[in-house]
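Dropping final24.cif in here (mmCIF, C-alpha atoms):
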data_my_file
loop_
_atom_site.label_atom_id
_atom_site.label_comp_id
_atom_site.auth_asym_id
_atom_site.auth_seq_id
_atom_site.Cartn_x
_atom_site.Cartn_y
_atom_site.Cartn_z
CA MET L 1111 136.39 188.94 65.45
CA ARG L 1112 134.50 191.05 62.93
CA ALA L 1113 133.31 189.95 59.51
CA PHE L 1114 130.58 191.09 57.13
CA GLY L 1115 130.07 194.05 59.44
CA TYR L 1116 129.09 191.81 62.37
CA ASP L 1117 130.68 190.98 65.69
CA ILE L 1118 131.04 187.25 65.00
CA ASP L 1119 132.05 186.39 68.57
CA GLU L 1120 128.80 187.84 69.84
CA LEU L 1121 126.76 185.84 67.30
CA VAL L 1122 128.68 182.64 68.18
CA ILE L 1123 128.18 183.16 71.91
CA SER L 1124 124.44 183.72 71.61
CA HIS L 1125 124.21 180.77 69.17
CA VAL L 1126 125.95 178.46 71.66
CA LEU L 1127 123.99 179.69 74.68
CA LEU L 1128 120.69 179.47 72.84
CA ALA L 1129 121.39 175.89 71.73
CA LEU L 1130 123.26 174.51 74.74
CA VAL L 1131 121.22 175.82 77.69
CA PRO L 1132 117.89 174.40 76.39
CA VAL L 1133 119.48 170.97 75.85
CA LEU L 1134 120.76 170.99 79.45
CA VAL L 1135 117.41 172.20 80.82
CA GLY L 1136 115.59 169.64 78.65
CA LEU L 1137 117.80 166.88 80.04
CA VAL L 1138 117.05 167.92 83.63
CA VAL L 1139 113.30 167.93 82.89
CA ALA L 1140 113.29 164.73 80.83
CA VAL L 1141 115.02 162.47 83.36
CA PRO L 1142 112.30 162.60 86.06
CA LEU L 1143 109.55 162.46 83.41
CA GLY L 1144 111.21 159.43 81.80
CA TRP L 1145 111.53 157.80 85.21
CA TRP L 1146 107.83 158.44 85.81
CA ALA L 1147 106.95 156.89 82.43
CA HIS L 1148 109.18 153.92 83.32
CA ARG L 1149 107.39 153.41 86.64
CA SER L 1150 103.79 154.10 85.64
CA PRO L 1151 102.14 152.64 82.51
CA GLY L 1152 99.42 155.28 82.83
CA ALA L 1153 101.98 158.12 82.75
CA ARG L 1154 103.67 156.48 79.78
CA ARG L 1155 100.40 156.29 77.86
CA VAL L 1156 100.12 160.08 78.17
CA LEU L 1157 103.77 161.20 78.03
CA VAL L 1158 104.98 159.19 75.01
CA PRO L 1159 102.23 160.19 72.53
CA LEU L 1160 102.31 163.77 73.85
CA SER L 1161 106.08 163.92 73.23
CA GLY L 1162 105.53 162.53 69.76
CA ALA L 1163 102.92 165.17 68.95
CA LEU L 1164 105.07 168.04 70.31
CA TYR L 1165 108.06 166.81 68.31
CA THR L 1166 105.85 166.89 65.20
CA ILE L 1167 105.05 170.62 65.44
CA PRO L 1168 107.25 172.67 63.05
CA SER L 1169 109.85 174.85 64.79
CA LEU L 1170 108.62 178.17 63.42
CA ALA L 1171 105.08 177.40 64.62
CA LEU L 1172 106.27 176.39 68.09
CA ILE L 1173 108.44 179.53 68.38
CA VAL L 1174 105.39 181.78 67.79
CA PHE L 1175 103.13 179.71 70.11
CA ILE L 1176 105.42 180.21 73.12
CA PRO L 1177 104.56 183.90 73.77
CA ILE L 1178 100.86 182.99 73.98
CA LEU L 1179 101.44 179.97 76.20
CA VAL L 1180 103.98 181.50 78.60
CA GLY L 1181 103.48 185.24 78.17
CA THR L 1182 107.02 186.03 76.98
CA PRO L 1183 107.47 189.09 74.71
CA ILE L 1184 107.05 188.14 71.05
CA LEU L 1185 110.66 189.10 70.14
CA SER L 1186 112.28 187.43 73.17
CA PRO L 1187 115.11 184.89 72.66
CA LEU L 1188 113.32 182.85 75.35
CA ASN L 1189 110.79 181.80 72.69
CA VAL L 1190 113.53 180.02 70.75
CA GLY L 1191 115.06 178.62 73.96
CA LEU L 1192 111.76 177.21 75.25
CA THR L 1193 111.00 175.70 71.84
CA LEU L 1194 114.30 173.82 71.99
CA VAL L 1195 113.60 172.75 75.59
CA ILE L 1196 110.31 171.25 74.40
CA TYR L 1197 111.97 169.40 71.51
CA THR L 1198 114.72 168.08 73.79
CA VAL L 1199 112.25 166.86 76.42
CA ALA L 1200 110.03 165.30 73.73
CA LEU L 1201 113.01 163.46 72.27
CA LEU L 1202 114.52 162.32 75.59
CA VAL L 1203 111.48 161.26 77.67
CA ARG L 1204 110.98 158.15 75.60
CA SER L 1205 114.66 157.21 75.47
CA VAL L 1206 115.04 157.69 79.23
CA ALA L 1207 112.02 155.45 79.86
CA GLU L 1208 113.30 152.81 77.44
CA ALA L 1209 116.83 152.98 78.83
CA LEU L 1210 115.46 152.39 82.35
CA ASP L 1211 113.29 149.54 81.05
CA ALA L 1212 116.43 147.94 79.61
CA VAL L 1213 118.23 147.75 82.99
CA PRO L 1214 118.08 144.02 83.85
CA VAL L 1215 115.76 143.11 86.72
CA THR L 1216 118.57 141.02 88.24
CA VAL L 1217 120.68 144.17 88.58
CA THR L 1218 117.98 146.22 90.31
CA THR L 1219 117.01 143.31 92.55
CA ALA L 1220 120.64 142.80 93.55
CA ALA L 1221 120.97 146.53 94.31
CA VAL L 1222 117.85 146.44 96.48
CA ALA L 1223 119.20 143.34 98.23
CA VAL L 1224 122.47 145.11 99.16
CA GLY L 1225 120.46 147.96 100.66
CA TYR L 1226 119.87 150.59 97.94
CA ARG L 1227 116.85 152.75 98.67
CA PRO L 1228 114.70 153.95 95.71
CA THR L 1229 116.54 157.28 95.29
CA GLY L 1230 119.98 155.70 95.58
CA LEU L 1231 118.92 152.89 93.26
CA PHE L 1232 117.87 155.41 90.64
CA LEU L 1233 120.88 157.75 90.94
CA GLY L 1234 123.51 155.11 91.67
CA VAL L 1235 122.45 152.16 89.52
CA GLN L 1236 119.70 152.78 86.97
CA LEU L 1237 120.74 156.23 85.73
CA PRO L 1238 124.44 155.37 85.20
CA LEU L 1239 123.42 152.26 83.25
CA ALA L 1240 121.13 154.42 81.11
CA VAL L 1241 123.94 156.84 80.20
CA PRO L 1242 124.82 155.31 76.79
CA VAL L 1243 121.21 155.53 75.56
CA LEU L 1244 120.88 158.98 77.11
CA THR L 1245 124.05 160.17 75.36
CA ALA L 1246 122.72 158.98 72.01
CA GLY L 1247 119.47 160.91 72.57
CA ILE L 1248 121.25 164.06 73.74
CA ARG L 1249 123.55 164.00 70.71
CA VAL L 1250 120.54 163.99 68.34
CA ALA L 1251 118.85 166.74 70.37
CA SER L 1252 122.05 168.81 70.50
CA VAL L 1253 122.83 168.59 66.77
CA SER L 1254 119.30 169.59 65.82
CA ALA L 1255 119.27 172.39 68.43
CA PHE L 1256 122.39 173.95 66.90
CA SER L 1257 120.71 173.93 63.48
CA LEU L 1258 117.25 175.05 64.72
CA VAL L 1259 118.61 178.05 66.62
CA THR L 1260 119.14 179.68 63.22
CA VAL L 1261 115.35 179.68 62.60
CA GLY L 1262 115.14 182.25 65.40
CA ALA L 1263 116.72 184.77 63.04
CA LEU L 1264 113.35 184.90 61.24
CA VAL L 1265 111.81 186.38 64.38
CA GLY L 1266 114.73 188.65 65.16
CA VAL L 1267 116.66 186.43 67.59
CA GLN L 1268 120.44 186.79 67.10
CA SER L 1269 122.60 183.78 66.24
CA LEU L 1270 124.67 182.68 63.27
CA GLY L 1271 121.26 182.51 61.56
CA THR L 1272 121.45 186.31 61.46
CA LEU L 1273 124.20 185.95 58.83
CA MET L 1274 121.72 183.85 56.80
CA THR L 1275 118.79 186.28 56.90
CA ASP L 1276 120.91 189.41 56.52
CA GLY L 1277 123.01 187.69 53.86
CA PHE L 1278 119.79 186.97 51.99
CA GLN L 1279 118.63 190.60 52.26
CA GLN L 1280 122.04 191.77 50.99
CA ALA L 1281 122.22 189.00 48.34
CA TYR L 1282 125.61 188.01 49.73
CA PRO L 1283 126.14 184.20 49.41
CA ALA L 1284 129.53 184.18 51.17
CA MET L 1285 127.90 185.60 54.30
CA VAL L 1286 125.19 182.93 54.22
CA ALA L 1287 127.81 180.23 53.66
CA ALA L 1288 129.80 181.53 56.65
CA GLY L 1289 126.66 181.21 58.78
CA ILE L 1290 126.04 177.65 57.58
CA ILE L 1291 129.64 176.53 58.10
CA GLY L 1292 129.84 178.15 61.53
CA SER L 1293 126.60 176.50 62.61
CA ILE L 1294 127.77 173.06 61.43
CA VAL L 1295 131.17 173.43 63.11
CA LEU L 1296 129.53 174.39 66.43
CA ALA L 1297 127.13 171.43 66.14
CA PHE L 1298 130.03 169.03 65.56
CA VAL L 1299 132.19 170.48 68.36
CA PHE L 1300 129.41 170.03 70.91
CA ASP L 1301 128.53 166.61 69.50
CA ALA L 1302 132.14 165.55 70.14
CA LEU L 1303 131.93 166.97 73.69
CA TRP L 1304 128.73 165.02 74.46
CA LEU L 1305 130.32 161.86 73.06
CA ALA L 1306 133.43 162.38 75.22
CA LEU L 1307 131.31 163.08 78.31
CA GLY L 1308 129.25 159.94 77.71
CA ARG L 1309 132.44 157.86 77.44
CA ALA L 1310 133.97 159.42 80.53
CA LEU L 1311 130.84 158.63 82.56
CA THR L 1312 130.79 154.97 81.51
CA PRO L 1313 134.36 153.64 81.94
CA TRP L 1314 132.98 150.07 82.25
CA VAL L 1315 131.79 150.09 78.63
CA ARG L 1316 135.34 150.53 77.35
CA ALA L 1317 136.76 148.13 79.93
CA ARG L 1318 134.34 145.44 78.74
CA THR L 1319 135.03 145.87 75.01
CA GLY L 1320 138.77 146.18 75.68
CA VAL L 1321 139.21 149.29 73.53
CA MET P 967 94.04 186.78 71.97
CA LEU P 968 91.90 183.68 71.51
CA GLY P 969 89.00 185.86 70.39
CA ARG P 970 91.14 187.61 67.80
CA LEU P 971 92.45 184.25 66.65
CA LEU P 972 88.90 182.98 66.12
CA GLU P 973 88.09 186.23 64.35
CA TRP P 974 91.04 185.62 62.00
CA PHE P 975 89.87 182.07 61.28
CA SER P 976 86.33 183.20 60.52
CA ALA P 977 87.28 186.16 58.26
CA PRO P 978 86.21 185.64 54.62
CA ALA P 979 89.80 186.37 53.40
CA GLN P 980 90.85 183.07 54.98
CA TRP P 981 88.31 181.09 52.99
CA SER P 982 88.46 182.49 49.46
CA GLY P 983 91.07 184.04 47.17
CA PRO P 984 94.80 183.37 46.82
CA ASN P 985 95.46 183.66 50.56
CA ALA P 986 92.71 181.22 51.59
CA ILE P 987 93.63 178.52 54.11
CA PRO P 988 92.66 175.60 51.82
CA THR P 989 94.82 177.07 49.01
CA ARG P 990 97.80 177.51 51.34
CA VAL P 991 97.37 173.99 52.73
CA LEU P 992 97.34 172.53 49.22
CA GLU P 993 100.42 174.56 48.27
CA HIS P 994 102.20 173.35 51.38
CA LEU P 995 101.27 169.72 50.73
CA GLY P 996 102.28 170.15 47.08
CA TYR P 997 105.83 171.30 47.94
CA THR P 998 106.08 168.53 50.51
CA VAL P 999 104.96 165.72 48.20
CA LEU P 1000 107.19 166.97 45.37
CA ALA P 1001 110.31 167.11 47.55
CA VAL P 1002 109.63 163.82 49.36
CA VAL P 1003 108.94 161.93 46.12
CA ILE P 1004 112.11 163.21 44.41
CA ALA P 1005 114.17 162.47 47.52
CA ALA P 1006 112.62 158.99 47.81
CA VAL P 1007 113.47 158.16 44.20
CA ILE P 1008 117.11 159.02 44.94
CA ALA P 1009 117.51 157.82 48.52
CA LEU P 1010 115.50 154.60 48.78
CA PRO P 1011 117.13 152.59 45.92
CA LEU P 1012 120.57 153.90 46.88
CA GLY P 1013 120.09 153.01 50.54
CA ALA P 1014 118.74 149.56 49.66
CA LEU P 1015 121.66 148.88 47.32
CA ILE P 1016 124.22 149.93 49.92
CA GLY P 1017 122.44 147.84 52.54
CA HIS P 1018 122.55 144.81 50.22
CA THR P 1019 126.13 145.11 48.97
CA ARG P 1020 127.48 146.57 52.24
CA ARG P 1021 129.65 148.87 50.10
CA GLY P 1022 129.84 152.48 51.19
CA GLU P 1023 128.32 151.89 54.64
CA LEU P 1024 130.61 154.42 56.29
CA ALA P 1025 129.67 156.99 53.65
CA VAL P 1026 125.94 156.50 54.37
CA VAL P 1027 126.36 156.93 58.09
CA GLY P 1028 128.63 159.94 57.57
CA VAL P 1029 126.31 161.61 55.06
CA ALA P 1030 123.19 160.94 57.13
CA ASN P 1031 124.76 162.36 60.30
CA GLY P 1032 126.53 165.22 58.56
CA LEU P 1033 123.46 166.45 56.71
CA ARG P 1034 121.50 166.42 59.97
CA ALA P 1035 123.67 169.29 61.20
CA LEU P 1036 122.83 171.44 58.14
CA PRO P 1037 120.84 174.52 59.19
CA GLU P 1038 117.67 174.42 57.06
CA LEU P 1039 117.32 178.18 56.85
CA GLY P 1040 120.88 178.61 55.57
CA VAL P 1041 120.50 175.90 52.93
CA LEU P 1042 117.26 177.44 51.64
CA VAL P 1043 118.73 180.94 51.48
CA LEU P 1044 121.95 179.79 49.84
CA PHE P 1045 120.13 177.77 47.15
CA VAL P 1046 117.90 180.73 46.33
CA LEU P 1047 120.82 183.17 46.22
CA LEU P 1048 122.83 180.88 43.94
CA LEU P 1049 120.05 179.53 41.71
CA GLY P 1050 117.48 182.31 41.73
CA LEU P 1051 113.88 182.65 42.89
CA GLY P 1052 111.05 180.33 41.86
CA LEU P 1053 109.96 176.84 42.84
CA LEU P 1054 113.10 174.91 41.87
CA PRO P 1055 115.79 176.22 44.30
CA PRO P 1056 113.76 175.81 47.51
CA THR P 1057 112.52 172.43 46.29
CA LEU P 1058 116.12 171.29 45.75
CA ALA P 1059 116.92 172.42 49.30
CA LEU P 1060 113.94 170.45 50.65
CA VAL P 1061 115.05 167.38 48.65
CA LEU P 1062 118.54 167.63 50.12
CA LEU P 1063 117.11 167.71 53.66
CA ALA P 1064 114.71 164.81 52.98
CA ILE P 1065 117.41 162.46 51.69
CA PRO P 1066 119.33 161.56 54.91
CA PRO P 1067 116.48 160.03 56.94
CA MET P 1068 115.22 157.99 53.98
CA LEU P 1069 118.72 156.88 53.01
CA ALA P 1070 119.37 155.80 56.60
CA GLY P 1071 115.99 154.01 56.82
CA ALA P 1072 116.45 152.07 53.58
CA TYR P 1073 120.04 151.21 54.39
CA SER P 1074 119.47 150.03 57.96
CA GLY P 1075 116.26 148.20 56.99
CA VAL P 1076 117.93 146.18 54.23
CA ALA P 1077 121.18 145.65 56.14
CA GLY P 1078 119.17 144.49 59.15
CA ALA P 1079 117.26 141.76 57.28
CA ASP P 1080 117.53 138.36 59.01
CA PRO P 1081 120.88 136.91 57.78
CA GLY P 1082 119.40 133.39 58.10
CA ALA P 1083 116.61 134.26 55.67
CA VAL P 1084 119.09 135.86 53.25
CA ASP P 1085 121.36 132.80 53.37
CA ALA P 1086 118.40 130.47 52.89
CA ALA P 1087 117.28 132.48 49.85
CA ARG P 1088 120.80 132.32 48.42
CA GLY P 1089 120.92 128.56 49.11
CA MET P 1090 117.63 128.10 47.27
CA GLY P 1091 119.30 129.60 44.21
CA MET P 1092 117.71 133.05 44.24
CA ARG P 1093 119.54 135.68 42.24
CA GLU P 1094 120.96 138.67 44.14
CA SER P 1095 118.26 140.93 42.67
CA GLN P 1096 115.58 138.48 43.85
CA ILE P 1097 117.10 138.34 47.32
CA LEU P 1098 117.06 142.12 47.48
CA LEU P 1099 113.51 142.56 46.19
CA GLN P 1100 111.79 139.52 47.68
CA VAL P 1101 113.57 139.00 50.99
CA GLU P 1102 115.42 142.10 52.14
CA VAL P 1103 113.11 144.87 50.91
CA PRO P 1104 109.93 143.41 52.47
CA SER P 1105 111.66 143.06 55.82
CA ALA P 1106 112.96 146.63 55.52
CA VAL P 1107 109.45 148.11 55.17
CA PRO P 1108 108.99 149.29 58.79
CA LEU P 1109 112.33 151.13 58.91
CA VAL P 1110 111.88 152.57 55.40
CA LEU P 1111 108.47 153.93 56.41
CA GLY P 1112 109.96 155.39 59.57
CA GLY P 1113 112.49 157.21 57.40
CA VAL P 1114 109.82 158.45 55.00
CA ARG P 1115 107.69 159.71 57.90
CA PHE P 1116 110.56 161.56 59.52
CA ALA P 1117 111.61 163.07 56.18
CA THR P 1118 108.04 164.21 55.45
CA LEU P 1119 107.69 165.97 58.80
CA GLN P 1120 111.05 167.63 58.36
CA VAL P 1121 110.02 168.85 54.88
CA ILE P 1122 106.70 170.22 56.20
CA ALA P 1123 108.60 172.14 58.88
CA THR P 1124 111.22 173.42 56.45
CA ALA P 1125 108.62 174.35 53.82
CA THR P 1126 107.17 176.68 56.48
CA ILE P 1127 110.53 178.44 56.74
CA ALA P 1128 110.73 178.54 52.92
CA ALA P 1129 108.11 181.30 52.92
CA TYR P 1130 111.08 183.52 53.81
CA VAL P 1131 112.61 182.91 50.36
CA GLY P 1132 109.33 183.60 48.54
CA LEU P 1133 107.59 180.22 48.55
CA GLY P 1134 103.84 180.11 49.24
CA GLY P 1135 102.33 177.68 51.72
CA LEU P 1136 101.47 178.12 55.37
CA GLY P 1137 104.70 179.88 56.35
CA ARG P 1138 103.30 182.91 54.49
CA TYR P 1139 100.79 183.60 57.29
CA ILE P 1140 103.47 183.39 59.98
CA LEU P 1141 106.11 185.54 58.26
CA ASP P 1142 103.74 188.02 56.57
CA GLY P 1143 101.82 188.41 59.81
CA PHE P 1144 105.07 188.90 61.70
CA SER P 1145 106.33 191.64 59.38
CA VAL P 1146 103.14 193.71 59.84
CA ARG P 1147 102.69 192.80 63.55
CA ASP P 1148 99.43 191.00 62.78
CA TYR P 1149 99.78 188.36 65.52
CA PRO P 1150 96.39 186.71 65.09
CA GLN P 1151 97.51 185.88 61.54
CA VAL P 1152 100.88 184.60 62.81
CA LEU P 1153 99.17 182.34 65.32
CA GLY P 1154 96.50 181.23 62.86
CA GLY P 1155 99.19 180.10 60.44
CA ALA P 1156 101.07 178.33 63.22
CA VAL P 1157 97.90 176.51 64.32
CA VAL P 1158 97.14 175.35 60.77
CA VAL P 1159 100.68 174.11 60.10
CA ALA P 1160 100.85 172.34 63.47
CA VAL P 1161 97.53 170.60 62.83
CA LEU P 1162 98.63 169.70 59.29
CA SER P 1163 101.84 168.10 60.61
CA ILE P 1164 100.02 166.05 63.21
CA VAL P 1165 97.37 164.91 60.70
CA VAL P 1166 100.04 163.92 58.15
CA GLU P 1167 101.93 162.01 60.86
CA LEU P 1168 98.79 160.10 61.85
CA VAL P 1169 97.91 159.34 58.21
CA LEU P 1170 101.43 158.04 57.52
CA GLN P 1171 101.34 155.93 60.69
CA GLY P 1172 98.04 154.45 59.52
CA LEU P 1173 99.37 153.80 56.01
CA GLY P 1174 102.43 152.21 57.56
CA ARG P 1175 100.26 149.74 59.41
CA LEU P 1176 98.36 148.94 56.20
CA VAL P 1177 101.40 148.20 54.04
CA THR P 1178 103.64 146.47 56.58
CA PRO P 1179 103.95 142.84 55.48
CA GLY P 1180 102.13 140.15 57.46
CA PRO P 1181 104.70 138.85 59.95
CA ASP P 1182 105.88 142.33 61.02
CA ARG P 1183 102.35 143.56 61.47
CA ALA P 1184 101.43 140.46 63.42
CA ARG P 1185 104.38 141.11 65.69
CA LEU P 1186 103.15 144.67 66.24
CA ARG P 1187 99.59 143.69 67.01
CA ARG P 1188 100.25 140.45 68.91
CA THR P 1189 97.55 138.49 67.10
CA PRO P 1190 96.43 135.14 68.57
CA HIS P 1191 98.58 133.46 65.89
CA THR P 1192 101.85 134.74 67.37
CA VAL P 1193 100.81 133.67 70.84
CA THR P 1194 100.14 130.14 69.56
CA THR P 1195 103.52 129.85 67.87
CA ARG P 1196 105.22 131.19 70.95
CA GLU P 1197 103.42 128.64 73.12
CA VAL P 1198 104.37 125.80 70.75
CA SER P 1199 108.02 126.75 70.34
CA PRO P 1200 110.36 125.45 73.07
#

Could I get this file's structure written as structure tokens?
Amino acid sequence: MRAFGYDIDELVISHVLLALVPVLVGLVVAVPLGWWAHRSPGARRVLVPLSGALYTIPSLALIVFIPILVGTPILSPLNVGLTLVIYTVALLVRSVAEALDAVPVTVTTAAVAVGYRPTGLFLGVQLPLAVPVLTAGIRVASVSAFSLVTVGALVGVQSLGTLMTDGFQQAYPAMVAAGIIGSIVLAFVFDALWLALGRALTPWVRARTGV
Amino acid sequence: MLGRLLEWFSAPAQWSGPNAIPTRVLEHLGYTVLAVVIAAVIALPLGALIGHTRRGELAVVGVANGLRALPELGVLVLFVLLLGLGLLPPTLALVLLAIPPMLAGAYSGVAGADPGAVDAARGMGMRESQILLQVEVPSAVPLVLGGVRFATLQVIATATIAAYVGLGGLGRYILDGFSVRDYPQVLGGAVVVAVLSIVVELVLQGLGRLVTPGPDRARLRRTPHTVTTREVSP
């Protein structure tokens, strides 16, 4: 599809990849860190305030810090991706730790009693029970990732944000509006997908409430 | 790169004139305070009222979640294209982005007040306005402050982006530096805005602790008093 002189499909694809992949990577990084914070009070004392501080740094600042910290080229899309990984990890570490804290001791003790080893206990009992809290955290991270990707357009990274910057340069409000609407629609579509995935992974929640 | 960054920080241009760091910091704080105050005047009473009357709850949740998906850059650009350059259009965009977290904080704080305390106040013959102001609002303080803090940080971050549509503030260093490939300036601006955000967050956290009413603060700090009552209660 072409509009406003742009290949919209291409912009949508890079928008989705640039928002979705960092959320997935962030999830994979945050789960072990959250587990560590759950197990060790010392780790928690470092990880939770550090996450809070990282989450506080404005997106545009973080995007331009990345090349210095990791050595990526200054115009690389990786800078936007890594920024979103950092935000996702910062947001999820605390919720993973708190979700694991909330698993009743009786449940973990019973699991140990029937022979679960630490790894199996974590993957088979604690993590599934943490899914609802995790889903809530991922949904927040995902919605803000889809909106923050557009900031990358300021440093030349293609996404629907390109319609916003170029629409501004051409003084063309309809083009900017198309970028905004497209970005919101993508955010909502993936929000619905995360919600559906969270429900599918926790059939017992629906069974219990009888819905 | 670190050397060139230090060089940028120590250059006289950063410490006097219109592009001085203190001037840019004050500009940035000015936009932030203006937007947060206007948004608070709209969002906090509205959220408190909805939390008290429980009318329009679905609308609050919908609006708060829906606005969260708004891309900040697009909103800024669109407001400036439609309303023109100057301070007003970007400020309106910042206000719009600051409303949802404060609306959600005021609403959930008031709606979450202890129903027993609200019933007791009603039974004592308090008027609805008294219940709202004397019972529900004080117990909503922690959540309201959380909303204000989140909104403020979001506005600081978005005000940085607003340099793109001609606003001053710290985003100027990042975007102006970027357009002329002056990376020490880009990084210098990023460092200052990151430090500013963290300092503002810490100050608001501290203020929050100061103004949180007695019982909530006691719960946070676990004073000897709470331990005693817990020991006495069955």

Go through chain P residue by residue and, counting all atoms listed in the file, keep those with an atom at most 10 Å from chain L; for each kept residue give the shortest atom pair and its distance in Å to one decimal, ordered by chain and increasing number, as a tab-separated table.
residue	atom	partner	partner_atom	distance
P:Met967	CA	L:Ile1178	CA	8.1
P:Leu968	CA	L:Ile1178	CA	9.3
P:Asn1031	CA	L:Val1253	CA	9.2
P:Gly1032	CA	L:Ile1294	CA	8.4
P:Leu1033	CA	L:Ile1294	CA	9.2
P:Arg1034	CA	L:Ser1254	CA	7.0
P:Ala1035	CA	L:Ile1294	CA	5.6
P:Leu1036	CA	L:Ile1294	CA	6.2
P:Pro1037	CA	L:Ser1257	CA	4.3
P:Glu1038	CA	L:Ser1257	CA	7.1
P:Leu1039	CA	L:Val1261	CA	6.3
P:Gly1040	CA	L:Met1274	CA	5.4
P:Val1041	CA	L:Ile1290	CA	7.4
P:Leu1042	CA	L:Met1274	CA	9.4
P:Val1043	CA	L:Phe1278	CA	6.1
P:Leu1044	CA	L:Pro1283	CA	6.1
P:Phe1045	CA	L:Pro1283	CA	9.1
P:Val1046	CA	L:Phe1278	CA	8.6
P:Leu1047	CA	L:Pro1283	CA	6.3
P:Leu1048	CA	L:Pro1283	CA	7.2
P:Phe1116	CA	L:Thr1166	CA	9.1
P:Leu1119	CA	L:Thr1166	CA	6.7
P:Gln1120	CA	L:Pro1168	CA	7.9
P:Val1121	CA	L:Pro1168	CA	9.4
P:Ile1122	CA	L:Pro1168	CA	7.3
P:Ala1123	CA	L:Pro1168	CA	4.4
P:Thr1124	CA	L:Pro1168	CA	7.7
P:Ala1125	CA	L:Pro1168	CA	9.5
P:Thr1126	CA	L:Leu1170	CA	7.2
P:Ile1127	CA	L:Leu1170	CA	7.0
P:Tyr1130	CA	L:Leu1264	CA	7.9
P:Val1131	CA	L:Phe1278	CA	8.4
P:Leu1136	CA	L:Ala1171	CA	10.0
P:Gly1137	CA	L:Leu1170	CA	8.3
P:Ile1140	CA	L:Ala1171	CA	7.7
P:Leu1141	CA	L:Leu1264	CA	7.9
P:Phe1144	CA	L:Val1265	CA	7.7
P:Ser1145	CA	L:Val1265	CA	9.1
P:Arg1147	CA	L:Ile1184	CA	9.8
P:Tyr1149	CA	L:Val1174	CA	8.9
P:Val1152	CA	L:Val1174	CA	7.3
P:Leu1153	CA	L:Val1174	CA	6.7
P:Gly1154	CA	L:Ala1171	CA	9.6
P:Gly1155	CA	L:Ala1171	CA	7.7
P:Ala1156	CA	L:Ala1171	CA	4.3
P:Val1157	CA	L:Ala1171	CA	7.2
P:Val1158	CA	L:Ala1171	CA	9.1
P:Val1159	CA	L:Ala1171	CA	7.1
P:Ala1160	CA	L:Ile1167	CA	4.9
P:Val1161	CA	L:Ile1167	CA	8.0
P:Leu1162	CA	L:Ile1167	CA	8.9
P:Ser1163	CA	L:Thr1166	CA	6.2
P:Ile1164	CA	L:Thr1166	CA	6.2
P:Val1165	CA	L:Thr1166	CA	9.8
P:Val1166	CA	L:Thr1166	CA	9.6
P:Glu1167	CA	L:Thr1166	CA	7.6
P:Leu1168	CA	L:Ala1163	CA	9.7

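Minimum distance to Leu1111 of chain P across P:Ala1006, P:Pro984, P:Met1090, P:Gly1143 (counting all atoms listed in the file) occurs at P:Ala1006.
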
Ground truth for the PyMOL selection byres ((chain L and resi 1197) around 9), written as a list of chain:residue names: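 Applied to this file, the PyMOL selection byres ((chain L and resi 1197) around 9) returns L:Val1133, L:Gly1136, L:Ser1161, L:Leu1164, L:Tyr1165, L:Ser1169, L:Leu1192, L:Thr1193, L:Leu1194, L:Val1195, L:Ile1196, L:Thr1198, L:Val1199, L:Ala1200, L:Leu1201, L:Leu1202, L:Ala1251, L:Ala1255.
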
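Here atom CA of Glu1102 of chain P is placed at a distance of 5.5 Å from atom CA of Ala1079 of chain P.
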
Please evaluate the PyMOL selection byres ((chain L and resi 1218) around 12) against the displayed coordinates and give the resulting residues as a CSV table (one decimal) with C-alpha atoms, in the coordinates of the input.
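Full text of part-v2.csv as output:
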chain,number,residue,atom,x,y,z
L,1210,LEU,CA,115.5,152.4,82.4
L,1211,ASP,CA,113.3,149.5,81.0
L,1212,ALA,CA,116.4,147.9,79.6
L,1213,VAL,CA,118.2,147.8,83.0
L,1214,PRO,CA,118.1,144.0,83.8
L,1215,VAL,CA,115.8,143.1,86.7
L,1216,THR,CA,118.6,141.0,88.2
L,1217,VAL,CA,120.7,144.2,88.6
L,1219,THR,CA,117.0,143.3,92.6
L,1220,ALA,CA,120.6,142.8,93.6
L,1221,ALA,CA,121.0,146.5,94.3
L,1222,VAL,CA,117.8,146.4,96.5
L,1223,ALA,CA,119.2,143.3,98.2
L,1224,VAL,CA,122.5,145.1,99.2
L,1225,GLY,CA,120.5,148.0,100.7
L,1226,TYR,CA,119.9,150.6,97.9
L,1227,ARG,CA,116.8,152.8,98.7
L,1228,PRO,CA,114.7,154.0,95.7
L,1230,GLY,CA,120.0,155.7,95.6
L,1231,LEU,CA,118.9,152.9,93.3
L,1232,PHE,CA,117.9,155.4,90.6
L,1233,LEU,CA,120.9,157.8,90.9
L,1234,GLY,CA,123.5,155.1,91.7
L,1235,VAL,CA,122.4,152.2,89.5
L,1236,GLN,CA,119.7,152.8,87.0
L,1237,LEU,CA,120.7,156.2,85.7
L,1239,LEU,CA,123.4,152.3,83.2

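Pairwise distance (atom CA of Val1241 of chain L, atom CA of Leu1311 of chain L) equals 7.5 Å.
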
message: For the provided coordinates, the residues matched by the PyMOL selection byres ((chain P and resi 1027) around 10) should be stated as a list in words.
response: Gly1022, Glu1023, Leu1024, Ala1025, Val1026, Gly1028, Val1029, Ala1030, Asn1031, Gly1032, Pro1066, Leu1069, Ala1070, Tyr1073 and Ser1074 of chain P

message: Report, in Å to a single decimal, how far apart atom CA of Asn1189 of chain L and atom CA of Val1131 of chain L are.
response: 13.0 Å

task: Find, counting only C-alpha atoms, the residue in P:Val1084, P:Leu1109, P:Gly1174, P:Ala1129 that gets nearest to Gly1013 of chain P.
output: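 Smallest separation from Gly1013 of chain P among the options: P:Leu1109.
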